[in-house]
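Data from target01.pdb: PDB, C-alpha atoms
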```pdb
ATOM      1  CA  MET S  48      21.252  71.534 -44.663
ATOM      2  CA  ALA S  49      18.217  72.720 -42.717
ATOM      3  CA  GLY S  50      14.692  72.762 -44.063
ATOM      4  CA  ASP S  51      11.432  70.894 -43.755
ATOM      5  CA  VAL S  52      11.925  69.266 -47.150
ATOM      6  CA  ALA S  53      15.559  69.122 -48.234
ATOM      7  CA  PHE S  54      17.718  67.023 -50.518
ATOM      8  CA  VAL S  55      21.043  67.021 -52.336
ATOM      9  CA  GLU S  56      21.454  65.197 -55.637
ATOM     10  CA  GLY S  57      24.769  65.780 -57.388
ATOM     11  CA  PRO S  58      25.217  69.512 -58.026
ATOM     12  CA  LEU S  59      21.614  70.319 -57.005
ATOM     13  CA  LYS S  60      20.538  71.285 -53.481
ATOM     14  CA  PHE S  61      16.901  71.965 -52.670
ATOM     15  CA  GLN S  62      15.314  73.325 -49.514
ATOM     16  CA  LEU S  63      11.685  74.100 -48.674
ATOM     17  CA  GLU S  64      10.886  75.627 -45.279
ATOM     18  CA  PHE S  65       7.315  76.108 -44.111
ATOM     19  CA  ALA S  66       6.939  79.409 -42.282
ATOM     20  CA  ASP S  67       3.273  80.220 -41.639
ATOM     21  CA  VAL S  68      -0.056  78.428 -41.885
ATOM     22  CA  ASP S  69      -3.143  79.974 -43.489
ATOM     23  CA  PRO S  70      -5.639  80.728 -40.684
ATOM     24  CA  MET S  71      -8.422  79.214 -42.801
ATOM     25  CA  ASP S  72      -6.247  76.069 -43.155
ATOM     26  CA  LEU S  73      -6.013  76.233 -46.942
ATOM     27  CA  GLY S  74      -2.265  76.407 -47.310
ATOM     28  CA  VAL S  75       1.125  77.349 -46.040
ATOM     29  CA  GLN S  76       3.695  80.079 -46.597
ATOM     30  CA  ALA S  77       7.102  78.759 -47.575
ATOM     31  CA  ARG S  78      10.626  79.755 -48.407
ATOM     32  CA  LEU S  79      12.321  77.972 -51.308
ATOM     33  CA  GLU S  80      16.026  77.747 -51.914
ATOM     34  CA  VAL S  81      17.727  76.073 -54.855
ATOM     35  CA  GLU S  82      21.491  75.848 -55.203
ATOM     36  CA  TYR S  83      23.371  74.489 -58.183
ATOM     37  CA  SER S  84      27.139  74.062 -58.379
ATOM     38  CA  GLY S  85      28.342  73.051 -61.812
ATOM     39  CA  ARG S  86      31.914  72.666 -63.058
ATOM     40  CA  SER S  87      32.269  76.300 -64.092
ATOM     41  CA  GLN S  88      29.130  78.020 -62.818
ATOM     42  CA  SER S  89      27.036  78.119 -59.696
ATOM     43  CA  LEU S  90      23.844  79.750 -58.576
ATOM     44  CA  LYS S  91      21.720  80.226 -55.485
ATOM     45  CA  TRP S  92      18.055  81.170 -55.955
ATOM     46  CA  THR S  93      15.840  82.028 -53.014
ATOM     47  CA  ALA S  94      12.159  82.894 -52.969
ATOM     48  CA  ALA S  95      10.515  83.813 -49.698
ATOM     49  CA  HIS S  96       6.882  84.411 -48.810
ATOM     50  CA  HIS S  97       5.297  82.098 -51.387
ATOM     51  CA  TRP S  98       1.911  80.688 -50.383
ATOM     52  CA  PHE S  99       0.999  77.153 -51.487
ATOM     53  CA  GLU S 100      -2.280  75.327 -51.127
ATOM     54  CA  TYR S 101      -1.963  71.913 -49.529
ATOM     55  CA  GLU S 102      -3.582  70.422 -52.628
ATOM     56  CA  ALA S 103      -0.830  71.923 -54.827
ATOM     57  CA  LEU S 104       1.865  70.393 -52.613
ATOM     58  CA  VAL S 105       0.184  66.975 -52.759
ATOM     59  CA  ARG S 106      -0.162  67.252 -56.558
ATOM     60  CA  PHE S 107       3.525  68.258 -56.861
ATOM     61  CA  GLU S 108       4.621  65.277 -54.750
ATOM     62  CA  THR S 109       2.473  62.914 -56.865
ATOM     63  CA  GLU S 110       3.847  64.352 -60.106
ATOM     64  CA  LEU S 111       7.417  63.920 -58.825
ATOM     65  CA  ARG S 112       6.635  60.284 -58.020
ATOM     66  CA  ASP S 113       5.227  59.734 -61.505
ATOM     67  CA  GLY S 114       8.493  61.150 -62.837
ATOM     68  CA  CYS S 115       7.701  62.899 -66.125
ATOM     69  CA  ASP S 116       6.479  66.418 -65.407
ATOM     70  CA  ALA S 117       6.094  68.081 -61.992
ATOM     71  CA  ARG S 118       4.966  71.675 -61.518
ATOM     72  CA  LEU S 119       4.795  73.563 -58.230
ATOM     73  CA  LEU S 120       2.158  76.304 -58.407
ATOM     74  CA  ASP S 121       1.632  78.978 -55.773
ATOM     75  CA  MET S 122      -1.811  80.146 -54.576
ATOM     76  CA  SER S 123      -1.982  82.640 -57.450
ATOM     77  CA  GLU S 124      -1.492  79.734 -59.891
ATOM     78  CA  TYR S 125       1.977  80.978 -60.853
ATOM     79  CA  GLU S 126       4.419  78.245 -61.696
ATOM     80  CA  VAL S 127       7.382  78.478 -59.326
ATOM     81  CA  LEU S 128       9.249  75.279 -60.245
ATOM     82  CA  HIS S 129       8.969  72.883 -63.160
ATOM     83  CA  PHE S 130      10.769  69.539 -63.134
ATOM     84  CA  GLU S 131      10.649  67.501 -66.323
ATOM     85  CA  ARG S 132      12.142  64.348 -67.779
ATOM     86  CA  GLN S 133      12.808  64.027 -71.483
ATOM     87  CA  SER S 134      14.094  60.590 -72.414
ATOM     88  CA  SER S 135      16.737  59.892 -69.741
ATOM     89  CA  GLN S 136      17.564  63.545 -69.000
ATOM     90  CA  GLU S 137      15.975  65.651 -66.254
ATOM     91  CA  TYR S 138      15.577  69.431 -66.183
ATOM     92  CA  LEU S 139      14.528  71.997 -63.609
ATOM     93  CA  THR S 140      13.115  75.357 -64.643
ATOM     94  CA  ILE S 141      13.066  77.880 -61.820
ATOM     95  CA  ASN S 142      10.421  80.598 -62.039
ATOM     96  CA  PRO S 143       9.320  79.785 -65.605
ATOM     97  CA  PRO S 144       8.132  82.760 -67.651
ATOM     98  CA  SER S 145       4.378  83.316 -67.631
ATOM     99  CA  GLN S 146       2.056  85.517 -69.655
ATOM    100  CA  ARG S 147       0.457  86.594 -66.369
ATOM    101  CA  GLN S 148       3.669  87.898 -64.799
ATOM    102  CA  SER S 149       3.993  91.620 -64.389
ATOM    103  CA  GLN S 150       6.551  93.340 -66.577
ATOM    104  CA  ASP S 151       7.289  95.707 -63.668
ATOM    105  CA  GLY S 152       8.811  93.251 -61.224
ATOM    106  CA  ASP S 153      11.770  90.944 -60.996
ATOM    107  CA  CYS S 154      11.600  87.865 -63.151
ATOM    108  CA  ILE S 155      14.552  85.527 -63.064
ATOM    109  CA  ALA S 156      13.940  82.359 -65.068
ATOM    110  CA  ILE S 157      16.589  79.641 -65.157
ATOM    111  CA  ARG S 158      16.599  76.205 -66.779
ATOM    112  CA  LEU S 159      19.058  73.665 -65.388
ATOM    113  CA  THR S 160      20.080  70.247 -66.614
ATOM    114  CA  ILE S 161      20.030  68.088 -63.489
ATOM    115  CA  ASN S 162      21.076  64.546 -62.656
ATOM    116  CA  ALA S 163      18.763  61.710 -63.556
ATOM    117  CA  GLY S 164      17.114  60.657 -60.309
ATOM    118  CA  SER S 165      16.747  64.184 -58.925
ATOM    119  CA  MET S 166      12.961  64.058 -59.224
ATOM    120  CA  ARG S 167      12.931  60.754 -57.331
ATOM    121  CA  ALA S 168      15.208  62.207 -54.640
ATOM    122  CA  LEU S 169      12.904  65.196 -54.148
ATOM    123  CA  HIS S 170       9.864  62.907 -54.056
ATOM    124  CA  ALA S 171      11.572  60.838 -51.332
ATOM    125  CA  ALA S 172      12.254  64.008 -49.309
ATOM    126  CA  PHE S 173       8.598  65.084 -49.627
ATOM    127  CA  HIS S 174       7.379  61.584 -48.784
ATOM    128  CA  GLN S 175       9.498  61.454 -45.598
ATOM    129  CA  PHE S 176       8.239  64.832 -44.373
ATOM    130  CA  ASP S 177       5.545  64.506 -41.679
ATOM    131  CA  LYS S 178       2.636  66.397 -43.180
ATOM    132  CA  TRP S 179      -0.137  67.933 -41.105
ATOM    133  CA  TRP S 180      -2.534  68.281 -44.044
TER
END
```

How would this structure read if it were set down as structure tokens?
Amino acid sequence: MAGDVAFVEGPLKFQLEFADVDPMDLGVQARLEVEYSGRSQSLKWTAAHHWFEYEALVRFETELRDGCDARLLDMSEYEVLHFERQSSQEYLTINPPSQRQSQDGDCIAIRLTINAGSMRALHAAFHQFDKWW
């Protein structure tokens, strides 16, 4: 699986590819891909052309390490991914609904039950990535 930050944990595959750097050095454009293959259902979600501030990526990595609640926000402060742990169960919400989202555009929101340890696996993938920021 290609990608700058990538991991597989059970039925969940995650890929983050950095595509373009902000000329003012505030952030990076990225492509996200999440795949999930359950026993009877599967999905592949891709979002291209999202811009993330370096600070948001650092915060996301720290939140993953802390292991309770990790939110990835784009430069417009829209939540793109939300990982959470409740008791011993972990969840991933992709593109959570927001009051600020336009009613005109596409809005796919999905909540997945993921394997315990998925947040740690993603943190390890982020930690191993050689960052330039």

Worksheet entry | Selection result of the PyMOL selection byres ((chain S and resi 62) around 9) on this file, as a list in words |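 So the PyMOL selection byres ((chain S and resi 62) around 9), applied here, picks out Met48, Ala49, Gly50, Asp51, Val52, Ala53, Phe54, Val55, Lys60, Phe61, Leu63, Glu64, Arg78, Leu79, Glu80, Val81 and Glu82 of chain S.
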
Worksheet, complete the sentence: Correct to one decimal, the distance CA of Arg106 in chain S-CA of Glu56 in chain S is 21.7 Å

Between range 96-155 of chain S and range 168-171 of chain S, at 8 Å or less, what are the per-residue closest atom pairs and their distances in Å? Count all atoms listed in the file, order by chain and rising residue number, and return it as CSV.
```
residue,atom,partner,partner_atom,distance
S:Glu108,CA,S:His170,CA,5.8
S:Thr109,CA,S:His170,CA,7.9
S:Leu111,CA,S:His170,CA,5.5
S:Arg112,CA,S:His170,CA,5.7
```

With C-alpha atoms retained, export the selected residues as a PDB file, in the coordinates of the input.
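Dumped to selection_30.pdb:
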```pdb
ATOM      1  CA  GLU S 108       4.621  65.277 -54.750  1.00  0.00           C
ATOM      2  CA  THR S 109       2.473  62.914 -56.865  1.00  0.00           C
ATOM      3  CA  LEU S 111       7.417  63.920 -58.825  1.00  0.00           C
ATOM      4  CA  ARG S 112       6.635  60.284 -58.020  1.00  0.00           C
TER       5      ARG S 112
END
```

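Of the residues listed (S:Ala103, S:Gly74, S:Ile141, S:Gly57), S:Ile141 shows the shortest atom-to-atom separation from Lys91 in chain S; distances use only C-alpha atoms.
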
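Relative to CA of His97 in chain S, CA of Ala117 in chain S is found at 17.6 Å.
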
Against range 177-180 of chain S, which residues of range 94-148 of chain S fall within 12 Å? For each one I want the closest pair of atoms and the distance in Å (one decimal), counting only C-alpha atoms, rows by chain and increasing residue number, as JSON lines.
```
{"residue": "S:Glu100", "atom": "CA", "partner": "S:Trp180", "partner_atom": "CA", "distance": 10.0}
{"residue": "S:Tyr101", "atom": "CA", "partner": "S:Trp180", "partner_atom": "CA", "distance": 6.6}
{"residue": "S:Glu102", "atom": "CA", "partner": "S:Trp180", "partner_atom": "CA", "distance": 8.9}
{"residue": "S:Ala103", "atom": "CA", "partner": "S:Trp180", "partner_atom": "CA", "distance": 11.5}
{"residue": "S:Leu104", "atom": "CA", "partner": "S:Trp180", "partner_atom": "CA", "distance": 9.9}
{"residue": "S:Val105", "atom": "CA", "partner": "S:Trp180", "partner_atom": "CA", "distance": 9.2}
{"residue": "S:Glu108", "atom": "CA", "partner": "S:Lys178", "partner_atom": "CA", "distance": 11.8}
```

Worksheet item: Mind pulling up the distance from CA of Phe173 in chain S to CA of Gly85 in chain S?
Response: 24.5 Å

Worksheet entry | Hits from the PyMOL selection byres ((chain S and resi 58) around 6), listed as a PyMOL selection string | chain S and resi 57+59+83-84

Worksheet entry | Given all atoms listed in the file as the counted atoms, nearest of S:Ala163, S:Val68, S:Ala156, S:Leu73 to Glu126 in chain S |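 The closest residue to Glu126 in chain S is S:Ala156.
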
Worksheet entry | Among the residues S:His96, S:Met166, S:Phe65, S:Ala172, the one that comes closest to Asp113 in chain S [using all atoms listed in the file] |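 Among S:His96, S:Met166, S:Phe65, S:Ala172, it is S:Met166 that comes nearest to Asp113 in chain S.
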
Please put the answer as JSON: centre and edge lengths, in Å with one decimal, of a box along x, y and z that encloses all listed atoms of range 134-143 of chain S plus 3 Å on each side.
```
{"center_x": 13.4, "center_y": 70.2, "center_z": -67.1, "size_x": 14.2, "size_y": 26.7, "size_z": 16.6}
```

Discussion item. Is it possible to get the residues within 8 Å of (21.1, 82.4, -61.0) (coordinates as in the file, counting all atoms listed in the file) written as a VMD selection string?
Written reply: chain S and resid 89 to 92 155 157

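Considering all atoms listed in the file, the residue among S:Leu159, S:Cys115, S:Ala77, S:Cys154 positioned nearest to Ser134 in chain S is S:Cys115.
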
Worksheet item: Do you know which residues the PyMOL selection byres ((chain S and resi 136) around 8) returns on this file, as an MDAnalysis selection string?
Response: chainID S and resid 132:135 137:138 160:163

Include C-alpha atoms and write out the residues we just selected as a short mmCIF file (atom, residue, chain, number, x, y, z; two decimals), in the coordinates of the input.
```cif
data_model
loop_
_atom_site.label_atom_id
_atom_site.label_comp_id
_atom_site.auth_asym_id
_atom_site.auth_seq_id
_atom_site.Cartn_x
_atom_site.Cartn_y
_atom_site.Cartn_z
CA ARG S 132 12.14 64.35 -67.78
CA GLN S 133 12.81 64.03 -71.48
CA SER S 134 14.09 60.59 -72.41
CA SER S 135 16.74 59.89 -69.74
CA GLU S 137 15.98 65.65 -66.25
CA TYR S 138 15.58 69.43 -66.18
CA THR S 160 20.08 70.25 -66.61
CA ILE S 161 20.03 68.09 -63.49
CA ASN S 162 21.08 64.55 -62.66
CA ALA S 163 18.76 61.71 -63.56
#
```

Worksheet item: So which one's closest to Gly114 in chain S, S:His129, S:Trp98, S:Asp69, S:Ser87? Using only C-alpha atoms, please.
Response: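 Closest to Gly114 in chain S of all the choices is S:His129.
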